[in-house]
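S.K.: Please find data30.cif (mmCIF, C-alpha atoms) on the next line:
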data_input
#
loop_
_atom_site.group_PDB
_atom_site.id
_atom_site.type_symbol
_atom_site.label_atom_id
_atom_site.label_comp_id
_atom_site.auth_asym_id
_atom_site.auth_seq_id
_atom_site.Cartn_x
_atom_site.Cartn_y
_atom_site.Cartn_z
ATOM 1 C CA MET G 1 9.442 1.465 16.252
ATOM 2 C CA LEU G 2 6.411 3.284 17.634
ATOM 3 C CA ASP G 3 4.679 2.116 20.783
ATOM 4 C CA THR G 4 1.262 3.487 19.946
ATOM 5 C CA ALA G 5 -0.596 3.656 16.671
ATOM 6 C CA PRO G 6 -0.348 6.876 14.632
ATOM 7 C CA ALA G 7 -3.378 9.112 15.185
ATOM 8 C CA ILE G 8 -4.793 8.520 11.729
ATOM 9 C CA PHE G 9 -5.325 4.819 12.470
ATOM 10 C CA VAL G 10 -6.872 5.555 15.852
ATOM 11 C CA ALA G 11 -9.231 7.985 14.093
ATOM 12 C CA LEU G 12 -10.041 5.437 11.394
ATOM 13 C CA GLU G 13 -10.918 2.779 13.943
ATOM 14 C CA GLY G 14 -13.004 5.238 15.955
ATOM 15 C CA SER G 15 -14.820 6.618 12.919
ATOM 16 C CA GLY G 16 -18.487 5.997 12.174
ATOM 17 C CA LEU G 17 -17.417 3.539 9.503
ATOM 18 C CA GLY G 18 -15.267 1.596 11.941
ATOM 19 C CA GLN G 19 -18.102 1.498 14.416
ATOM 20 C CA MET G 20 -20.556 0.348 11.766
ATOM 21 C CA ILE G 21 -18.280 -2.528 10.735
ATOM 22 C CA ARG G 22 -17.794 -3.675 14.327
ATOM 23 C CA GLN G 23 -21.451 -3.448 15.251
ATOM 24 C CA SER G 24 -23.046 -4.799 12.093
ATOM 25 C CA ARG G 25 -24.039 -8.390 12.330
ATOM 26 C CA TRP G 26 -23.099 -9.158 8.710
ATOM 27 C CA LEU G 27 -20.512 -6.681 7.520
ATOM 28 C CA TYR G 28 -17.410 -8.033 9.249
ATOM 29 C CA MET G 29 -18.382 -11.618 8.557
ATOM 30 C CA THR G 30 -19.140 -10.898 4.891
ATOM 31 C CA ALA G 31 -15.833 -9.079 4.473
ATOM 32 C CA ASN G 32 -14.045 -12.012 6.096
ATOM 33 C CA VAL G 33 -15.662 -14.526 3.750
ATOM 34 C CA GLY G 34 -15.197 -12.193 0.769
ATOM 35 C CA HIS G 35 -11.502 -11.867 1.601
ATOM 36 C CA ILE G 36 -11.091 -15.639 1.456
ATOM 37 C CA VAL G 37 -13.066 -15.959 -1.803
ATOM 38 C CA SER G 38 -10.974 -13.185 -3.374
ATOM 39 C CA LEU G 39 -7.841 -14.879 -2.093
ATOM 40 C CA VAL G 40 -8.806 -18.195 -3.712
ATOM 41 C CA VAL G 41 -9.449 -16.531 -7.082
ATOM 42 C CA PHE G 42 -6.278 -14.462 -6.810
ATOM 43 C CA ALA G 43 -4.166 -17.453 -5.853
ATOM 44 C CA GLY G 44 -5.607 -19.485 -8.728
ATOM 45 C CA ALA G 45 -4.951 -16.799 -11.316
ATOM 46 C CA VAL G 46 -1.491 -16.003 -9.988
ATOM 47 C CA ALA G 47 -0.564 -19.685 -9.833
ATOM 48 C CA VAL G 48 -1.500 -20.186 -13.501
ATOM 49 C CA LEU G 49 0.408 -17.083 -14.508
ATOM 50 C CA ASP G 50 3.469 -17.785 -12.393
ATOM 51 C CA LEU G 51 3.705 -21.449 -13.318
ATOM 52 C CA ARG G 52 3.448 -20.571 -17.021
ATOM 53 C CA MET G 53 6.265 -18.064 -16.615
ATOM 54 C CA ALA G 54 8.270 -20.607 -14.646
ATOM 55 C CA GLY G 55 8.022 -23.028 -17.565
ATOM 56 C CA ALA G 56 4.926 -25.140 -16.928
ATOM 57 C CA PHE G 57 2.151 -25.686 -19.521
ATOM 58 C CA ALA G 58 4.739 -24.957 -22.201
ATOM 59 C CA ALA G 59 2.351 -25.918 -25.022
ATOM 60 C CA THR G 60 0.076 -22.949 -24.285
ATOM 61 C CA SER G 61 0.507 -19.511 -25.797
ATOM 62 C CA PRO G 62 2.218 -17.359 -23.136
ATOM 63 C CA GLY G 63 0.571 -14.133 -24.300
ATOM 64 C CA TYR G 64 -2.915 -15.637 -24.109
ATOM 65 C CA VAL G 65 -2.378 -17.208 -20.670
ATOM 66 C CA LEU G 66 -0.880 -13.947 -19.415
ATOM 67 C CA SER G 67 -3.750 -11.737 -20.530
ATOM 68 C CA ARG G 68 -6.519 -14.001 -19.210
ATOM 69 C CA ALA G 69 -4.894 -14.820 -15.899
ATOM 70 C CA ARG G 70 -3.956 -11.179 -15.402
ATOM 71 C CA ARG G 71 -7.547 -10.049 -15.802
ATOM 72 C CA ALA G 72 -8.775 -12.481 -13.126
ATOM 73 C CA ALA G 73 -5.879 -11.564 -10.841
ATOM 74 C CA ILE G 74 -6.620 -7.830 -11.095
ATOM 75 C CA TRP G 75 -10.293 -8.276 -10.230
ATOM 76 C CA ALA G 76 -9.442 -10.575 -7.357
ATOM 77 C CA PHE G 77 -6.823 -8.141 -6.083
ATOM 78 C CA PHE G 78 -9.436 -5.387 -5.926
ATOM 79 C CA GLY G 79 -11.693 -7.753 -4.026
ATOM 80 C CA LEU G 80 -8.878 -8.477 -1.598
ATOM 81 C CA ALA G 81 -8.082 -4.798 -1.129
ATOM 82 C CA LEU G 82 -11.718 -3.824 -0.570
ATOM 83 C CA THR G 83 -12.563 -6.607 1.886
ATOM 84 C CA GLY G 84 -9.165 -6.208 3.538
ATOM 85 C CA ALA G 85 -9.848 -2.502 4.057
ATOM 86 C CA VAL G 86 -13.112 -3.346 5.822
ATOM 87 C CA LEU G 87 -11.405 -5.840 8.141
ATOM 88 C CA PHE G 88 -8.544 -3.415 8.758
ATOM 89 C CA THR G 89 -10.806 -0.460 9.558
ATOM 90 C CA ALA G 90 -12.563 -2.351 12.342
ATOM 91 C CA GLU G 91 -9.293 -2.749 14.278
ATOM 92 C CA ALA G 92 -6.977 -0.288 12.554
ATOM 93 C CA SER G 93 -5.084 0.969 15.617
ATOM 94 C CA HIS G 94 -4.239 -2.560 16.752
ATOM 95 C CA VAL G 95 -3.607 -4.187 13.395
ATOM 96 C CA ILE G 96 -1.268 -1.469 12.150
ATOM 97 C CA MET G 97 1.030 -2.180 15.119
ATOM 98 C CA ASN G 98 1.015 -5.924 14.495
ATOM 99 C CA PRO G 99 4.469 -7.023 13.284
ATOM 100 C CA VAL G 100 3.056 -9.715 11.013
ATOM 101 C CA PHE G 101 0.668 -7.224 9.410
ATOM 102 C CA GLN G 102 3.569 -4.833 8.848
ATOM 103 C CA LEU G 103 5.534 -7.635 7.217
ATOM 104 C CA LYS G 104 2.502 -8.458 5.102
ATOM 105 C CA LEU G 105 2.360 -4.875 3.806
ATOM 106 C CA VAL G 106 6.050 -5.015 2.876
ATOM 107 C CA LEU G 107 5.572 -8.327 1.075
ATOM 108 C CA ILE G 108 2.525 -6.989 -0.820
ATOM 109 C CA ALA G 109 4.600 -3.981 -1.893
ATOM 110 C CA LEU G 110 7.361 -6.333 -3.103
ATOM 111 C CA GLY G 111 4.786 -8.472 -4.922
ATOM 112 C CA LEU G 112 3.387 -5.428 -6.707
ATOM 113 C CA LEU G 113 6.895 -4.198 -7.517
ATOM 114 C CA ASN G 114 7.686 -7.601 -9.006
ATOM 115 C CA ILE G 115 4.556 -7.335 -11.166
ATOM 116 C CA ALA G 116 5.414 -3.793 -12.261
ATOM 117 C CA LEU G 117 8.960 -4.776 -13.249
ATOM 118 C CA PHE G 118 7.649 -7.858 -15.017
ATOM 119 C CA GLU G 119 5.014 -5.968 -16.947
ATOM 120 C CA PHE G 120 7.434 -3.234 -17.914
ATOM 121 C CA PHE G 121 10.474 -5.278 -18.894
ATOM 122 C CA THR G 122 9.476 -8.897 -19.405
ATOM 123 C CA THR G 123 5.940 -8.954 -20.786
ATOM 124 C CA PRO G 124 7.039 -7.330 -24.074
ATOM 125 C CA GLN G 125 9.587 -10.143 -24.521
ATOM 126 C CA VAL G 126 7.203 -13.019 -23.905
ATOM 127 C CA LYS G 127 3.726 -12.021 -25.018
ATOM 128 C CA ASP G 128 4.239 -12.809 -28.703
ATOM 129 C CA LEU G 129 6.243 -16.006 -28.275
ATOM 130 C CA ALA G 130 4.827 -19.159 -29.829
ATOM 131 C CA PRO G 131 3.885 -22.139 -27.662
ATOM 132 C CA LEU G 132 6.821 -24.373 -26.703
ATOM 133 C CA THR G 133 9.319 -21.526 -27.120
ATOM 134 C CA PRO G 134 11.653 -21.429 -24.089
ATOM 135 C CA LEU G 135 10.984 -18.292 -22.032
ATOM 136 C CA PRO G 136 13.710 -15.820 -21.021
ATOM 137 C CA SER G 137 15.200 -16.407 -17.582
ATOM 138 C CA ALA G 138 13.707 -13.110 -16.363
ATOM 139 C CA ALA G 139 10.240 -14.603 -16.859
ATOM 140 C CA ARG G 140 11.120 -17.729 -14.895
ATOM 141 C CA ARG G 141 12.632 -15.674 -12.114
ATOM 142 C CA ALA G 142 9.622 -13.354 -11.886
ATOM 143 C CA GLY G 143 7.277 -16.359 -11.763
ATOM 144 C CA VAL G 144 9.157 -18.053 -8.926
ATOM 145 C CA ILE G 145 9.576 -14.827 -6.936
ATOM 146 C CA SER G 146 5.892 -14.050 -7.378
ATOM 147 C CA ILE G 147 4.642 -17.400 -6.164
ATOM 148 C CA VAL G 148 6.917 -17.324 -3.102
ATOM 149 C CA LEU G 149 5.919 -13.748 -2.248
ATOM 150 C CA TRP G 150 2.169 -14.276 -2.531
ATOM 151 C CA ILE G 151 2.239 -17.465 -0.499
ATOM 152 C CA ALA G 152 4.195 -15.578 2.161
ATOM 153 C CA VAL G 153 1.563 -12.807 2.058
ATOM 154 C CA ALA G 154 -1.172 -15.388 2.657
ATOM 155 C CA ILE G 155 0.764 -16.951 5.552
ATOM 156 C CA CYS G 156 1.174 -13.506 7.114
ATOM 157 C CA GLY G 157 -2.492 -12.695 6.621
ATOM 158 C CA ARG G 158 -3.693 -15.716 8.540
ATOM 159 C CA SER G 159 -0.992 -15.243 11.181
ATOM 160 C CA ILE G 160 -2.022 -11.687 12.127
ATOM 161 C CA ALA G 161 -4.599 -13.113 14.523
ATOM 162 C CA TYR G 162 -1.988 -15.042 16.473
ATOM 163 C CA PHE G 163 0.638 -12.363 17.094
ATOM 164 C CA MET A 1 13.703 -17.137 -1.363
ATOM 165 C CA LYS A 2 14.814 -14.332 0.916
ATOM 166 C CA PRO A 3 11.331 -13.102 1.872
ATOM 167 C CA LEU A 4 10.535 -16.563 3.171
ATOM 168 C CA TYR A 5 13.489 -16.458 5.551
ATOM 169 C CA VAL A 6 12.486 -13.009 6.714
ATOM 170 C CA LEU A 7 8.983 -14.267 7.255
ATOM 171 C CA LEU A 8 10.066 -17.335 9.192
ATOM 172 C CA THR A 9 12.415 -15.277 11.311
ATOM 173 C CA VAL A 10 9.688 -12.823 12.197
ATOM 174 C CA LEU A 11 7.192 -15.579 12.902
ATOM 175 C CA ALA A 12 9.717 -17.264 15.164
ATOM 176 C CA THR A 13 10.774 -14.155 17.051
ATOM 177 C CA ALA A 14 7.721 -11.881 17.049
ATOM 178 C CA GLY A 15 6.720 -12.524 20.615
ATOM 179 C CA SER A 16 3.295 -12.015 22.008
ATOM 180 C CA ALA A 17 2.032 -8.705 20.781
ATOM 181 C CA THR A 18 -1.695 -8.168 20.809
ATOM 182 C CA ALA A 19 -3.008 -11.651 20.152
ATOM 183 C CA HIS A 20 -6.668 -12.102 20.810
ATOM 184 C CA HIS A 21 -7.943 -14.597 18.270
ATOM 185 C CA GLY A 22 -7.697 -18.316 18.578
ATOM 186 C CA TRP A 23 -7.448 -20.287 21.756
ATOM 187 C CA GLY A 24 -3.682 -20.757 21.685
ATOM 188 C CA SER A 25 -2.809 -17.954 24.074
ATOM 189 C CA TYR A 26 -5.177 -19.096 26.828
ATOM 190 C CA ASP A 27 -4.391 -21.416 29.716
ATOM 191 C CA ALA A 28 -6.840 -24.197 28.876
ATOM 192 C CA ALA A 29 -5.361 -26.527 31.499
ATOM 193 C CA ASN A 30 -6.676 -24.346 34.335
ATOM 194 C CA PRO A 31 -10.268 -23.231 33.735
ATOM 195 C CA VAL A 32 -11.500 -20.326 35.831
ATOM 196 C CA THR A 33 -15.004 -19.288 36.792
ATOM 197 C CA ILE A 34 -15.864 -15.639 37.320
ATOM 198 C CA THR A 35 -19.176 -14.347 38.635
ATOM 199 C CA GLY A 36 -20.105 -10.704 38.954
ATOM 200 C CA PRO A 37 -21.876 -7.729 37.455
ATOM 201 C CA ILE A 38 -21.178 -6.631 33.879
ATOM 202 C CA LEU A 39 -19.558 -3.203 34.128
ATOM 203 C CA ASN A 40 -19.242 -2.624 30.433
ATOM 204 C CA ALA A 41 -20.294 -4.512 27.310
ATOM 205 C CA LYS A 42 -18.972 -4.164 23.783
ATOM 206 C CA TYR A 43 -21.141 -6.082 21.365
ATOM 207 C CA GLU A 44 -18.707 -5.772 18.504
ATOM 208 C CA ASN A 45 -16.751 -7.684 15.877
ATOM 209 C CA PRO A 46 -14.497 -9.566 15.657
ATOM 210 C CA HIS A 47 -15.322 -10.586 19.269
ATOM 211 C CA ALA A 48 -17.731 -9.227 21.808
ATOM 212 C CA THR A 49 -16.094 -8.356 25.133
ATOM 213 C CA ILE A 50 -17.427 -7.554 28.576
ATOM 214 C CA THR A 51 -15.815 -6.192 31.699
ATOM 215 C CA VAL A 52 -16.858 -8.059 34.804
ATOM 216 C CA ARG A 53 -16.242 -7.210 38.453
ATOM 217 C CA GLY A 54 -15.159 -10.550 39.832
ATOM 218 C CA THR A 55 -14.488 -11.251 43.489
ATOM 219 C CA ASP A 56 -10.740 -10.741 43.013
ATOM 220 C CA LYS A 57 -10.522 -8.071 40.316
ATOM 221 C CA GLU A 58 -12.034 -6.616 37.164
ATOM 222 C CA TRP A 59 -11.814 -9.005 34.264
ATOM 223 C CA THR A 60 -12.029 -8.408 30.567
ATOM 224 C CA VAL A 61 -13.923 -11.389 29.223
ATOM 225 C CA THR A 62 -13.570 -12.143 25.524
ATOM 226 C CA LEU A 63 -16.680 -13.737 24.062
ATOM 227 C CA ALA A 64 -17.501 -14.865 20.498
ATOM 228 C CA PRO A 65 -18.225 -13.150 17.165
ATOM 229 C CA THR A 66 -21.514 -11.278 17.462
ATOM 230 C CA SER A 67 -23.277 -13.186 14.664
ATOM 231 C CA ARG A 68 -22.637 -16.511 16.408
ATOM 232 C CA MET A 69 -23.777 -15.101 19.744
ATOM 233 C CA SER A 70 -26.966 -13.682 18.223
ATOM 234 C CA ASN A 71 -27.693 -17.041 16.583
ATOM 235 C CA ARG A 72 -27.500 -18.658 19.983
ATOM 236 C CA GLY A 73 -29.724 -16.123 21.667
ATOM 237 C CA ALA A 74 -26.954 -14.178 23.392
ATOM 238 C CA THR A 75 -28.009 -10.847 21.906
ATOM 239 C CA ALA A 76 -26.794 -7.401 22.931
ATOM 240 C CA ASP A 77 -29.807 -7.074 25.249
ATOM 241 C CA VAL A 78 -28.799 -10.247 27.076
ATOM 242 C CA ILE A 79 -25.140 -9.291 27.437
ATOM 243 C CA ALA A 80 -25.945 -5.911 28.927
ATOM 244 C CA LYS A 81 -24.331 -3.666 31.500
ATOM 245 C CA GLY A 82 -25.637 -4.305 35.006
ATOM 246 C CA LYS A 83 -26.559 -7.956 34.518
ATOM 247 C CA THR A 84 -24.861 -10.627 36.561
ATOM 248 C CA VAL A 85 -22.835 -13.087 34.558
ATOM 249 C CA THR A 86 -20.997 -16.286 35.291
ATOM 250 C CA ALA A 87 -18.189 -16.895 32.814
ATOM 251 C CA ILE A 88 -16.299 -20.163 32.597
ATOM 252 C CA GLY A 89 -13.139 -20.005 30.557
ATOM 253 C CA TYR A 90 -9.404 -19.624 30.482
ATOM 254 C CA ARG A 91 -6.994 -16.982 31.633
ATOM 255 C CA SER A 92 -4.978 -15.265 28.905
ATOM 256 C CA THR A 93 -1.288 -16.066 28.979
ATOM 257 C CA VAL A 94 -0.621 -12.739 27.261
ATOM 258 C CA GLU A 95 -2.986 -10.059 28.504
ATOM 259 C CA LYS A 96 -3.215 -9.526 32.227
ATOM 260 C CA ASP A 97 -6.801 -9.629 33.588
ATOM 261 C CA GLU A 98 -8.202 -11.059 30.349
ATOM 262 C CA MET A 99 -9.983 -14.362 30.011
ATOM 263 C CA ARG A 100 -11.759 -16.061 27.141
ATOM 264 C CA ALA A 101 -15.095 -17.590 27.926
ATOM 265 C CA GLU A 102 -15.975 -21.108 26.898
ATOM 266 C CA ARG A 103 -19.535 -20.479 28.094
ATOM 267 C CA ILE A 104 -21.434 -17.823 29.993
ATOM 268 C CA THR A 105 -24.569 -17.953 32.120
ATOM 269 C CA ILE A 106 -26.911 -14.970 32.390
ATOM 270 C CA ASP A 107 -30.420 -14.985 33.935
ATOM 271 C CA GLY A 108 -30.221 -18.760 34.353
ATOM 272 C CA LYS A 109 -29.442 -19.429 30.711
ATOM 273 C CA THR A 110 -26.122 -20.790 29.502
ATOM 274 C CA TYR A 111 -24.653 -19.811 26.140
ATOM 275 C CA GLU A 112 -21.785 -21.651 24.489
ATOM 276 C CA MET A 113 -19.157 -19.379 22.975
ATOM 277 C CA ARG A 114 -17.251 -21.979 20.940
#
Take the structure from the file and write it as structure tokens.
M.R.:
Amino acid sequence: MLDTAPAIFVALEGSGLGQMIRQSRWLYMTANVGHIVSLVVFAGAVAVLDLRMAGAFAATSPGYVLSRARRAAIWAFFGLALTGAVLFTAEASHVIMNPVFQLKLVLIALGLLNIALFEFFTTPQVKDLAPLTPLPSAARRAGVISIVLWIAVAICGRSIAYF
Amino acid sequence: MKPLYVLLTVLATAGSATAHHGWGSYDAANPVTITGPILNAKYENPHATITVRGTDKEWTVTLAPTSRMSNRGATADVIAKGKTVTAIGYRSTVEKDEMRAERITIDGKTYEMR
């Protein structure tokens, strides 16, 4: 493990953008609030999607729930990434070395991998199923893994400040 | 479930890296008071910081988010290099020579940081 941050993160923090974020009265605060709002929307959408795949709300059409929840989740994810980038830039050289932040990045990558595998292999099997049809075990598994991963990501996110 | 175990393990073992938010890593049982000139002021997010030449050593004093400080009148002009400040707060249990101010007094005015 490195002792000091790679130069690119030092440069990012020291850049005009980094300076602007740190010195603006509103930017950091707005990004912070925006990150939480995006998180709430993302968590809501992902919870609906994951719980449906895990077997809840069985009387709904899986394809319909999937497509609507996915749309909200994608928008919210972009909100999270954008506001997260602002918060990260302000303190890039410190945050990148934070073990909890590093874990968070790994968990996000696993969460996205889970989504990619699900969309590629499982979505085609479930999107046209009628309500009340039992879902394949792959769908249940993906739903449970997803919910655990994203909750862990949120725990890491809030914990960065304390490690 | 594996990621959760990994997470818990890291949370349990990841010692004290670069913590600077929250009040957990400060020795609240033993408040300290530092008075001296401001050598350097960073009016920046997420927390403003100043370096102060105390009687014993140079301290890095962590203040509050800039928007809160501005709301309370502690603007960048107030927290400026060269001014004399009295900071009451707590020593960091992690960073040597760092303290977090509960309140500061400059030019006879006291500003709450929490």
S.K.: Please report as a tab-separated table every residue of chain G lying within 10 Å of chain A, along with the nearest atom pair and their distance in Å (one decimal), using all atoms listed in the file.
M.R.:
residue	atom	partner	partner_atom	distance
G:Gln19	CA	A:Glu44	CA	8.4
G:Met20	CA	A:Glu44	CA	9.3
G:Ile21	CA	A:Asn45	CA	7.4
G:Arg22	CA	A:Asn45	CA	4.4
G:Gln23	CA	A:Glu44	CA	4.8
G:Ser24	CA	A:Glu44	CA	7.8
G:Arg25	CA	A:Ser67	CA	5.4
G:Trp26	CA	A:Ser67	CA	7.2
G:Leu27	CA	A:Asn45	CA	9.2
G:Tyr28	CA	A:Asn45	CA	6.7
G:Met29	CA	A:Ser67	CA	8.0
G:Asn32	CA	A:Pro46	CA	9.9
G:Leu87	CA	A:Pro46	CA	8.9
G:Ala90	CA	A:Asn45	CA	7.6
G:Glu91	CA	A:Pro46	CA	8.7
G:His94	CA	A:Thr18	CA	7.4
G:Val95	CA	A:Thr18	CA	8.6
G:Met97	CA	A:Ala17	CA	8.7
G:Asn98	CA	A:Ala17	CA	6.9
G:Pro99	CA	A:Ala14	CA	7.0
G:Val100	CA	A:Val10	CA	7.4
G:Leu103	CA	A:Leu7	CA	7.5
G:Lys104	CA	A:Leu7	CA	9.0
G:Val106	CA	A:Pro3	CA	9.7
G:Leu107	CA	A:Pro3	CA	7.5
G:Leu110	CA	A:Pro3	CA	9.3
G:Val144	CA	A:Met1	CA	8.9
G:Ile145	CA	A:Met1	CA	7.3
G:Val148	CA	A:Met1	CA	7.0
G:Leu149	CA	A:Pro3	CA	6.8
G:Ile151	CA	A:Leu4	CA	9.1
G:Ala152	CA	A:Leu4	CA	6.5
G:Val153	CA	A:Leu7	CA	9.2
G:Ile155	CA	A:Leu7	CA	8.8
G:Cys156	CA	A:Leu7	CA	7.8
G:Ser159	CA	A:Leu11	CA	8.4
G:Ile160	CA	A:Ala19	CA	8.1
G:Ala161	CA	A:His21	CA	5.2
G:Tyr162	CA	A:Ala19	CA	5.1
G:Phe163	CA	A:Ala19	CA	4.8
S.K.: Of the candidates A:Asp27, A:Asp107, A:Glu58, A:Glu102, which one gets nearest to A:Asn40 if we count only C-alpha atoms?
M.R.: A:Glu58
S.K.: Can you list what the PyMOL selection byres ((chain G and resi 136-143) around 8) grabs from this structure, as an MDAnalysis selection string?
M.R.: chainID G and resid 49:55 114:115 118 122 125:126 134:135 144:147
S.K.: Distance atom CA of G:Ala72-atom CA of G:Leu113, one decimal place?
M.R.: 18.6 Å
S.K.: Take the PyMOL selection byres ((chain A and resi 59) around 10), apply it to the structure above, and return the hits as a ChimeraX atom specification.
M.R.: /A:34,36,38-39,50-58,60-62,91,96-99
S.K.: Might you spell out which residues the PyMOL selection byres ((chain G and resi 127) around 9) would select in the displayed file, as a VMD selection string?
M.R.: chain G and resid 61 to 64 66 to 67 122 to 126 128 to 130
S.K.: I need every residue sitting at most 7 Å from the point (-29.0, -11.7, 34.2) (coordinates as in the file, all atoms listed in the file considered), written as a ChimeraX atom specification.
M.R.: /A:83-85,106-107
S.K.: Could you please determine the separation between atom CA of G:Glu119 and atom CA of G:Thr83 in Å, to one decimal place?
M.R.: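 So the answer is 25.8 Å.
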S.K.: Could you jot down the atom CA of G:Trp150 to atom CA of G:Leu105 separation for me, Å, one decimal place?
M.R.: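 The value is 11.3 Å.
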S.K.: What residues have an atom no more than 12 Å from (-7.5, -24.4, 38.8) in the file's own frame, counting all atoms listed in the file, and can you write them as JSON, numbers by chain?
M.R.: {"A": [27, 28, 29, 30, 31, 32, 33, 88, 89, 90, 91]}
S.K.: Those residues with C-alpha atoms, as an mmCIF file, in the coordinates of the input please?
M.R.:
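Below is the file part-v7.cif, written as the result:
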data_model
loop_
_atom_site.group_PDB
_atom_site.id
_atom_site.type_symbol
_atom_site.label_atom_id
_atom_site.label_comp_id
_atom_site.auth_asym_id
_atom_site.auth_seq_id
_atom_site.Cartn_x
_atom_site.Cartn_y
_atom_site.Cartn_z
ATOM 1 C CA ASP A 27 -4.391 -21.416 29.716
ATOM 2 C CA ALA A 28 -6.840 -24.197 28.876
ATOM 3 C CA ALA A 29 -5.361 -26.527 31.499
ATOM 4 C CA ASN A 30 -6.676 -24.346 34.335
ATOM 5 C CA PRO A 31 -10.268 -23.231 33.735
ATOM 6 C CA VAL A 32 -11.500 -20.326 35.831
ATOM 7 C CA THR A 33 -15.004 -19.288 36.792
ATOM 8 C CA ILE A 88 -16.299 -20.163 32.597
ATOM 9 C CA GLY A 89 -13.139 -20.005 30.557
ATOM 10 C CA TYR A 90 -9.404 -19.624 30.482
ATOM 11 C CA ARG A 91 -6.994 -16.982 31.633
#
S.K.: For A:Ile104, please output as a list in words all residues within 9 Å (counting all atoms listed in the file; exclusion window: fewer than 6 positions along the same chain).
M.R.: Leu63, Val85, Thr86, Ala87, Ile88, Gly89, Thr110, Tyr111, Glu112 and Met113 of chain A
S.K.: I'd like to know which of G:Phe77, G:Ile108, G:Leu132, G:Glu13 is closest to G:Val46, using only C-alpha atoms.
M.R.: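 With only C-alpha atoms as the atom set, the closest residue is G:Phe77.
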